[in-house]
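> So I've got this file, input.cif, and it contains mmCIF, C-alpha atoms:
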```cif
data_structure
loop_
_atom_site.group_PDB
_atom_site.id
_atom_site.type_symbol
_atom_site.label_atom_id
_atom_site.label_comp_id
_atom_site.auth_asym_id
_atom_site.auth_seq_id
_atom_site.Cartn_x
_atom_site.Cartn_y
_atom_site.Cartn_z
ATOM 1 C CA MET A 235 201.670 -192.698 6.564
ATOM 2 C CA GLY A 236 201.094 -196.369 5.546
ATOM 3 C CA ASN A 237 198.132 -195.495 3.310
ATOM 4 C CA PHE A 238 200.142 -192.705 1.655
ATOM 5 C CA ILE A 239 202.948 -195.127 0.774
ATOM 6 C CA LYS A 240 200.493 -197.767 -0.455
ATOM 7 C CA THR A 241 198.714 -195.172 -2.635
ATOM 8 C CA TRP A 242 202.023 -193.935 -4.043
ATOM 9 C CA VAL A 243 203.199 -197.487 -4.842
ATOM 10 C CA GLN A 244 199.874 -198.266 -6.548
ATOM 11 C CA PHE A 245 200.286 -195.116 -8.622
ATOM 12 C CA LEU A 246 203.773 -196.135 -9.748
ATOM 13 C CA ILE A 247 203.060 -199.827 -10.273
ATOM 14 C CA GLN A 248 200.238 -200.784 -12.590
ATOM 15 C CA ASP A 249 200.439 -204.474 -11.670
ATOM 16 C CA TYR A 250 202.823 -207.105 -10.358
ATOM 17 C CA SER A 251 203.271 -210.857 -10.174
ATOM 18 C CA PHE A 252 205.077 -212.881 -7.527
ATOM 19 C CA TYR A 253 205.509 -216.569 -8.326
ATOM 20 C CA ARG A 254 207.401 -219.527 -6.937
ATOM 21 C CA ILE A 255 208.783 -221.883 -9.560
ATOM 22 C CA TYR A 256 208.826 -225.519 -8.498
ATOM 23 C CA GLY A 257 210.513 -228.336 -10.356
ATOM 24 C CA ARG A 258 211.144 -232.030 -10.237
ATOM 25 C CA GLY A 259 213.177 -234.520 -12.150
ATOM 26 C CA CYS A 260 210.982 -237.090 -13.847
ATOM 27 C CA THR A 261 211.230 -240.599 -12.465
ATOM 28 C CA ASN A 262 209.321 -243.734 -13.256
ATOM 29 C CA SER A 263 208.815 -245.209 -9.806
ATOM 30 C CA GLY A 264 205.902 -247.520 -10.530
ATOM 31 C CA ALA A 265 202.146 -247.278 -10.472
ATOM 32 C CA LEU A 266 200.188 -245.462 -7.813
ATOM 33 C CA MET A 267 197.501 -247.530 -6.135
ATOM 34 C CA ASN A 268 194.417 -245.696 -4.918
ATOM 35 C CA ALA A 269 191.157 -247.271 -3.864
ATOM 36 C CA GLY A 270 188.428 -246.299 -6.310
ATOM 37 C CA LEU A 271 190.544 -243.767 -8.233
ATOM 38 C CA ARG A 272 192.531 -244.067 -11.453
ATOM 39 C CA PHE A 273 195.162 -241.671 -12.752
ATOM 40 C CA GLU A 274 195.795 -241.755 -16.485
ATOM 41 C CA PRO A 275 196.375 -239.708 -19.624
ATOM 42 C CA VAL A 276 193.214 -238.155 -21.023
ATOM 43 C CA GLU A 277 192.199 -236.920 -24.460
ATOM 44 C CA LYS A 278 190.519 -233.575 -25.117
ATOM 45 C CA LYS A 279 187.363 -235.366 -26.291
ATOM 46 C CA GLN A 280 186.958 -236.989 -22.864
ATOM 47 C CA ILE A 281 187.242 -233.587 -21.162
ATOM 48 C CA VAL A 282 184.779 -231.917 -23.525
ATOM 49 C CA ASN A 283 182.264 -234.748 -23.013
ATOM 50 C CA SER A 284 182.387 -234.553 -19.210
ATOM 51 C CA ALA A 285 179.080 -234.052 -17.393
ATOM 52 C CA ASP A 286 180.815 -231.586 -15.038
ATOM 53 C CA PRO A 287 180.881 -228.038 -16.470
ATOM 54 C CA ALA A 288 183.907 -227.208 -14.292
ATOM 55 C CA ILE A 289 185.857 -229.993 -16.029
ATOM 56 C CA VAL A 290 184.697 -228.932 -19.516
ATOM 57 C CA GLU A 291 185.931 -225.366 -18.816
ATOM 58 C CA HIS A 292 189.484 -226.725 -18.713
ATOM 59 C CA ALA A 293 189.383 -228.348 -22.172
ATOM 60 C CA TRP A 294 191.084 -225.341 -23.800
ATOM 61 C CA TYR A 295 194.334 -226.270 -22.001
ATOM 62 C CA HIS A 296 194.494 -229.402 -24.175
ATOM 63 C CA ASP A 297 196.214 -227.930 -27.203
ATOM 64 C CA ARG A 298 199.328 -228.458 -29.293
ATOM 65 C CA ASP A 299 202.237 -230.102 -27.434
ATOM 66 C CA THR A 300 200.044 -230.940 -24.432
ATOM 67 C CA HIS A 301 199.996 -233.956 -22.168
ATOM 68 C CA ALA A 302 196.814 -234.090 -20.118
ATOM 69 C CA TYR A 303 196.097 -236.333 -17.132
ATOM 70 C CA ALA A 304 192.934 -237.099 -15.240
ATOM 71 C CA CYS A 305 191.940 -238.530 -11.925
ATOM 72 C CA LEU A 306 188.908 -240.690 -12.577
ATOM 73 C CA GLU A 307 186.382 -241.985 -10.085
ATOM 74 C CA ASP A 308 184.809 -244.765 -12.124
ATOM 75 C CA ALA A 309 184.247 -242.958 -15.469
ATOM 76 C CA ARG A 310 183.892 -239.461 -13.956
ATOM 77 C CA ILE A 311 186.807 -237.040 -14.284
ATOM 78 C CA VAL A 312 187.332 -235.445 -10.864
ATOM 79 C CA GLY A 313 190.738 -233.852 -11.443
ATOM 80 C CA LEU A 314 192.944 -232.687 -14.299
ATOM 81 C CA CYS A 315 196.469 -231.500 -14.917
ATOM 82 C CA PHE A 316 198.085 -230.295 -18.121
ATOM 83 C CA PHE A 317 201.737 -230.121 -19.172
ATOM 84 C CA TRP A 318 202.833 -227.952 -22.084
ATOM 85 C CA HIS A 319 206.141 -228.115 -23.942
ATOM 86 C CA GLY A 320 207.692 -227.321 -27.314
ATOM 87 C CA ILE A 321 206.066 -224.879 -29.706
ATOM 88 C CA GLY A 322 202.763 -225.184 -27.848
ATOM 89 C CA TYR A 323 204.425 -223.784 -24.720
ATOM 90 C CA SER A 324 206.074 -220.887 -26.559
ATOM 91 C CA LYS A 325 202.820 -218.889 -26.393
ATOM 92 C CA ARG A 326 203.128 -218.869 -22.583
ATOM 93 C CA ASN A 327 206.887 -219.103 -22.192
ATOM 94 C CA PHE A 328 206.999 -217.746 -18.636
ATOM 95 C CA TRP A 329 209.818 -220.090 -17.634
ATOM 96 C CA PRO A 330 212.545 -221.208 -20.084
ATOM 97 C CA LEU A 331 212.336 -224.862 -21.038
ATOM 98 C CA ARG A 332 215.038 -226.999 -22.574
ATOM 99 C CA GLU A 333 214.496 -230.035 -24.730
ATOM 100 C CA HIS A 334 212.837 -232.862 -22.751
ATOM 101 C CA GLU A 335 211.363 -230.412 -20.212
ATOM 102 C CA ALA A 336 207.730 -229.394 -19.715
ATOM 103 C CA LYS A 337 205.688 -227.078 -17.530
ATOM 104 C CA LEU A 338 202.572 -228.002 -15.613
ATOM 105 C CA VAL A 339 200.271 -225.143 -16.616
ATOM 106 C CA GLN A 340 197.031 -226.135 -14.896
ATOM 107 C CA LEU A 341 195.966 -228.330 -12.000
ATOM 108 C CA PHE A 342 192.297 -228.628 -11.048
ATOM 109 C CA VAL A 343 190.270 -230.855 -8.716
ATOM 110 C CA LEU A 344 186.494 -230.585 -8.422
ATOM 111 C CA PRO A 345 185.621 -228.650 -5.232
ATOM 112 C CA GLU A 346 183.691 -231.549 -3.690
ATOM 113 C CA MET A 347 186.730 -233.826 -4.157
ATOM 114 C CA ARG A 348 189.329 -231.549 -2.568
ATOM 115 C CA GLY A 349 191.069 -232.416 0.694
ATOM 116 C CA GLN A 350 191.604 -236.077 -0.242
ATOM 117 C CA GLY A 351 195.131 -235.808 -1.668
ATOM 118 C CA ILE A 352 193.928 -236.143 -5.248
ATOM 119 C CA ALA A 353 195.979 -233.190 -6.541
ATOM 120 C CA ARG A 354 199.203 -234.597 -5.085
ATOM 121 C CA ARG A 355 198.563 -238.094 -6.445
ATOM 122 C CA LEU A 356 197.579 -236.679 -9.840
ATOM 123 C CA ILE A 357 200.839 -234.705 -9.996
ATOM 124 C CA GLU A 358 202.826 -237.807 -8.993
ATOM 125 C CA ALA A 359 201.137 -240.051 -11.577
ATOM 126 C CA ALA A 360 201.470 -237.441 -14.326
ATOM 127 C CA THR A 361 205.159 -236.893 -13.527
ATOM 128 C CA GLN A 362 205.768 -240.652 -13.768
ATOM 129 C CA ASP A 363 204.076 -240.782 -17.159
ATOM 130 C CA MET A 364 206.046 -237.750 -18.360
ATOM 131 C CA SER A 365 209.188 -239.744 -17.498
ATOM 132 C CA ARG A 366 207.939 -242.686 -19.584
ATOM 133 C CA ARG A 367 207.429 -240.218 -22.453
ATOM 134 C CA GLY A 368 211.090 -239.159 -22.280
ATOM 135 C CA PHE A 369 210.854 -235.951 -20.246
ATOM 136 C CA SER A 370 213.691 -235.351 -17.802
ATOM 137 C CA TYR A 371 212.394 -232.376 -15.791
ATOM 138 C CA VAL A 372 209.073 -230.629 -15.179
ATOM 139 C CA TYR A 373 208.207 -227.220 -13.717
ATOM 140 C CA ALA A 374 205.191 -225.418 -12.271
ATOM 141 C CA ARG A 375 204.532 -221.741 -11.543
ATOM 142 C CA ILE A 376 202.591 -221.080 -8.333
ATOM 143 C CA TRP A 377 201.418 -217.738 -6.949
ATOM 144 C CA GLN A 378 203.507 -217.092 -3.824
ATOM 145 C CA SER A 379 200.513 -216.871 -1.455
ATOM 146 C CA ASN A 380 198.734 -220.016 -2.727
ATOM 147 C CA LYS A 381 199.665 -222.094 0.326
ATOM 148 C CA PRO A 382 197.544 -225.167 -0.576
ATOM 149 C CA SER A 383 199.253 -225.477 -3.984
ATOM 150 C CA LEU A 384 202.705 -224.880 -2.543
ATOM 151 C CA ARG A 385 202.114 -227.649 0.040
ATOM 152 C CA THR A 386 200.687 -229.993 -2.601
ATOM 153 C CA PHE A 387 203.731 -229.700 -4.839
ATOM 154 C CA GLU A 388 206.115 -230.088 -1.904
ATOM 155 C CA ARG A 389 204.269 -233.232 -0.769
ATOM 156 C CA ALA A 390 204.547 -234.555 -4.332
ATOM 157 C CA GLY A 391 208.342 -234.248 -4.081
ATOM 158 C CA TRP A 392 208.826 -231.029 -6.036
ATOM 159 C CA GLN A 393 211.343 -228.416 -4.883
ATOM 160 C CA ARG A 394 211.347 -224.655 -5.210
ATOM 161 C CA VAL A 395 213.878 -223.752 -7.889
ATOM 162 C CA ALA A 396 213.240 -220.011 -8.166
ATOM 163 C CA THR A 397 211.164 -217.012 -7.211
ATOM 164 C CA VAL A 398 210.073 -214.670 -9.992
ATOM 165 C CA ILE A 399 208.830 -211.150 -9.339
ATOM 166 C CA GLU A 400 207.569 -208.975 -12.180
ATOM 167 C CA ILE A 401 206.596 -205.340 -11.816
ATOM 168 C CA PHE A 402 204.517 -203.617 -14.488
ATOM 169 C CA PRO A 403 205.061 -199.848 -14.011
ATOM 170 C CA HIS A 404 202.620 -197.281 -15.374
ATOM 171 C CA GLY A 405 203.724 -195.831 -18.682
ATOM 172 C CA ARG A 406 206.098 -198.683 -19.613
ATOM 173 C CA SER A 407 205.368 -201.346 -22.180
ATOM 174 C CA LYS A 408 207.803 -203.835 -20.641
ATOM 175 C CA SER A 409 207.910 -205.217 -17.120
ATOM 176 C CA PHE A 410 210.851 -205.338 -14.749
ATOM 177 C CA ARG A 411 211.625 -208.991 -13.954
ATOM 178 C CA LEU A 412 213.654 -210.353 -11.074
ATOM 179 C CA GLU A 413 214.511 -214.079 -10.989
ATOM 180 C CA LEU A 414 215.987 -215.454 -7.791
ATOM 181 C CA ARG A 415 217.166 -218.987 -8.566
ATOM 182 C CA ASN A 416 217.820 -221.619 -5.929
ATOM 183 C CA LYS A 417 220.789 -223.962 -6.275
ATOM 184 C CA VAL A 418 218.510 -227.023 -6.611
ATOM 185 C CA LEU A 419 218.911 -227.221 -10.390
#
```
Could you write out this structure as structure tokens?

Amino acid sequence: MGNFIKTWVQFLIQDYSFYRIYGRGCTNSGALMNAGLRFEPVEKKQIVNSADPAIVEHAWYHDRDTHAYACLEDARIVGLCFFWHGIGYSKRNFWPLREHEAKLVQLFVLPEMRGQGIARRLIEAATQDMSRRGFSYVYARIWQSNKPSLRTFERAGWQRVATVIEIFPHGRSKSFRLELRNKVL
């Protein structure tokens, strides 16, 4: 019976998405100290010129209305995160942004550098800099089953503000969208 139901649901639903939306108010709480690592804004040229192909692959995120941040070990970029806002974000526009808000659209740490807390510290440093740039709130969209990312954002002080479920039925050009907002906002 279970396979019959699963088959029937797959027939009715072409695709779906199930995301958690996390957010955090921007605060400028001082510099992060990390032995051997630096966290700072990065230009697209630095990403494109990286010796690591996995870093170069992320250069396309650095576009209009983007703030990009890197974790550097000496001169080597080992992690990146990108915030979009304004007109540059309108091409994605998954979550509504007000003035002085931005969305973290990509977070990446080289595989050999994972497990050291770099992603969390990169998010923290980037959020501090976004505050210095005048942003009041930032968001991120995380697939509901991506436990490492969910934990990373929670450890960085972000809170779940909503759950968004979209269902893309066969034969329909528009999805059904359900937003369950938390009272954190």
> Enclose all atoms of region 374-383 of chain A listed in the file in an axis-aligned box, grow every side by 4 Å, and hand back centre and edge lengths in Å to one decimal, as lines of an AutoDock Vina configuration file.

```
center_x = 201.4
center_y = -221.2
center_z = -6.0
size_x = 15.6
size_y = 16.6
size_z = 20.6
```
> For Phe328 (chain A), work out the shell of residues within 10 Å, counting all atoms listed in the file and skipping chain neighbours fewer than 2 positions away, then give it as a PyMOL selection string.
chain A and resi 323-326+330-331+337+375+398
> Within 6 Å of region 248-253 of chain A, counting all atoms listed in the file, which residues qualify if same-chain residues fewer than 4 places away don't, as a VMD selection string?
chain A and resid 376 to 378 397 to 404
> Neighbours of Ala396 (chain A) within 8 Å (only C-alpha atoms; same-chain residues fewer than 6 positions away dropped), as a PDB file with C-alpha atoms, in the coordinates of the input?

```pdb
ATOM      1  CA  ARG A 254     207.401-219.527  -6.937  1.00  0.00           C
ATOM      2  CA  ILE A 255     208.783-221.883  -9.560  1.00  0.00           C
ATOM      3  CA  TYR A 256     208.826-225.519  -8.498  1.00  0.00           C
ATOM      4  CA  GLU A 413     214.511-214.079 -10.989  1.00  0.00           C
ATOM      5  CA  LEU A 414     215.987-215.454  -7.791  1.00  0.00           C
ATOM      6  CA  ARG A 415     217.166-218.987  -8.566  1.00  0.00           C
ATOM      7  CA  ASN A 416     217.820-221.619  -5.929  1.00  0.00           C
TER       8      ASN A 416
END
```
> Which residue is closest to Gly351 (chain A)? Choose from A:Cys260, A:Ala390, A:Val372, A:Arg367 and count all atoms listed in the file.
A:Ala390
> Would you mind reading off the distance between CA of Gln362 (chain A) and CA of His334 (chain A), one decimal, in Å?
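Spanning CA of Gln362 (chain A) to CA of His334 (chain A) is a straight-line distance of 13.8 Å.
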> For this file, the PyMOL selection byres ((chain A and resi 302-314) around 7) selects which residues, as number ranges by chain?
A: 270-277, 296, 300-301, 315-317, 341-344, 347, 356, 360
> Rounded to one decimal, what separation in Å do you get between CA of Arg385 (chain A) and CA of Leu338 (chain A)?
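Calculated distance between CA of Arg385 (chain A) and CA of Leu338 (chain A) is 15.7 Å.
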> What residues come out when you apply the PyMOL selection byres ((chain A and resi 279) around 12) to this file, written as a list in words?
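Applying the PyMOL selection byres ((chain A and resi 279) around 12) to the structure shown produces Val276, Glu277, Lys278, Gln280, Ile281, Val282, Asn283, Ser284, Ile289, Val290, His292, Ala293, Trp294, His296, Asp297 and Ala302 of chain A.
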> Next, write the just-selected residues to a file, as an mmCIF file, keeping the file's coordinate frame, keeping C-alpha atoms as the atom set.

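What follows is the written file part_7.cif:
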```
data_model
loop_
_atom_site.group_PDB
_atom_site.id
_atom_site.type_symbol
_atom_site.label_atom_id
_atom_site.label_comp_id
_atom_site.auth_asym_id
_atom_site.auth_seq_id
_atom_site.Cartn_x
_atom_site.Cartn_y
_atom_site.Cartn_z
ATOM 1 C CA VAL A 276 193.214 -238.155 -21.023
ATOM 2 C CA GLU A 277 192.199 -236.920 -24.460
ATOM 3 C CA LYS A 278 190.519 -233.575 -25.117
ATOM 4 C CA GLN A 280 186.958 -236.989 -22.864
ATOM 5 C CA ILE A 281 187.242 -233.587 -21.162
ATOM 6 C CA VAL A 282 184.779 -231.917 -23.525
ATOM 7 C CA ASN A 283 182.264 -234.748 -23.013
ATOM 8 C CA SER A 284 182.387 -234.553 -19.210
ATOM 9 C CA ILE A 289 185.857 -229.993 -16.029
ATOM 10 C CA VAL A 290 184.697 -228.932 -19.516
ATOM 11 C CA HIS A 292 189.484 -226.725 -18.713
ATOM 12 C CA ALA A 293 189.383 -228.348 -22.172
ATOM 13 C CA TRP A 294 191.084 -225.341 -23.800
ATOM 14 C CA HIS A 296 194.494 -229.402 -24.175
ATOM 15 C CA ASP A 297 196.214 -227.930 -27.203
ATOM 16 C CA ALA A 302 196.814 -234.090 -20.118
#
```
